[in-house]
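Right, one structure below, let's go through it.
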Amino acid sequence: YDIDADRRRADALAACAAVPTLLTALHRLGQGLAPVEPRDDLSYAANYLYMMTGTEPEPERVRAIEQYLVSTVDHGFNASTFTARVIASTGADLAACLVGAVGALSGPLHGGAPSRALDTLDAIGTPDRVDPWIRERVLAGERIMGFGHPVYRTEDPRSRMLRGVAERFGGPLVEFAVHVERRVLEILAELKPGRELHTNVEFYAGVVMELCGVPRSMFTPTFAAARVVGWSANILEQAEDSKIIRPAARYAGPPPPQP
């Protein structure tokens with residue numbers, strides 16, 4: 001509230017640069033390794049992989065991660081972006097808005113899905129187990145991670161793009177993922193007709209990051225490294241509006257006592 005637009009923009013750029021550096025440093029420290037300094041001669045995605053692994057990544061991996069990061073920078077008023085904008089509307093500084101967004105992202109229904117979608121492939125294991133595994137969980141009312149979306153009632157366009165990225169790599173994991181996706185969609189259409197449950201971005205995001213050597217513990221942080229750019233853009237936009245976001249509530253409890 002007391003900071004001008006130029007200072008807010010500078011803070012946003014600093015945060016967008018610091019977040020991936022901090023994430024990769026914390027990851028390496030957690031593995032008992034020394035943090036790796038970023039290099040000026042590497043691109044954003046190349047630097048991210050380099051600071052994470054300590055080795056210069058192959059160009060095809062850099063391009064794949066770059067495509068993932070670009071596709072997830074922003075996506076409407078998702079839970080974390082809306083949280084950031086609500087906080088920004090109070091006049092809080094950029095760091096407070098980003099911390100709130102990270103808190104919303106920590107929920108498994110938002111940022112944690114890519115690793116859980118990959119866990120699904122691990123749990124199924126082999127092609128012959130796909131149908132019984134999926135049917136059992138759908139009939140039990142469980143959610144299949146990587147499928148369904150609160151907004152899309154068709155295939156998530158980001159999923160289609162990331163499937164193509166995965167297919168550029170090829171190999172057993174990709175072949176298995178494509179087979180599982182096809183059978184899940186067919187079984188969902190059979191058991192839940194009319195629900196329009198399709199593949200979302202998390203399913204192939206997990207496959208692509210696995211192929212690029214990103215540890216599963218870094219799937220959600222990698223999503224955050226991209227989304228901090230989108231959060232910051234939304235925060236800067238919201239800061240230009242002096243009105244606080246204050247939704248109304250409708251009481252839906254029991255009626256008050258009657259005389």
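Labeling convention for the structure tokens: chains A, B, ... as they appear, residues from 1 per chain, ligands from 1 in order of appearance.
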Under the rule of at most 9 Å, produce a per-residue listing of stretch 173-224 of chain A near stretch 60-67 of chain A: chain, number, name, the closest pair of atoms, and the distance in Å, as a tab-separated table, using only C-alpha atoms.
```
residue	atom	partner	partner_atom	distance
A:Val208	CA	A:Ala64	CA	7.1
A:Met209	CA	A:Ile65	CA	7.1
A:Leu211	CA	A:Arg61	CA	8.0
A:Cys212	CA	A:Arg61	CA	5.3
A:Gly213	CA	A:Arg61	CA	8.5
```
Practice item. Step one, run DSSP on the backbone; step two, keep only residues of stretch 23-126 of chain A assigned to helix (DSSP H, G or I); then write them as a PyMOL selection string. Key: chain A and resi 23-30+44-53+59-71+79-89+94-105+113-124
Practice item. Would you mind listing what lies within 10 Å of stretch 189-204 of chain A as an NGL selection string, with only C-alpha atoms counted and same-chain residues fewer than 4 positions away left out? Key: :A and (68 or 71-72 or 110-118 or 120-121 or 135 or 138-139 or 144-150 or 152-166 or 174 or 177-178 or 181-185 or 208-210 or 219)
Review point. Closest to A:Ser89 among A:Leu236, A:Ala248, A:Ala14, A:Leu49, using only C-alpha atoms?
Key: A:Leu236
**Study point:** Best match for closeness to A:Asp93 among A:Val19, A:Ile244, A:Ala239, A:Leu105, counting only C-alpha atoms
**Key:**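 Smallest distance to A:Asp93 is found for A:Ala239.
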Practice item. Report the distance between atom CA of A:Gly76 and atom CA of A:Trp231 in Å, rounded to one decimal place. Key: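 Computing the Euclidean distance for atom CA of A:Gly76 and atom CA of A:Trp231 yields 10.4 Å.
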Point to revise | Separation of atom CA of A:Pro172 from atom CA of A:Pro108 in Å | key: 27.1 Å
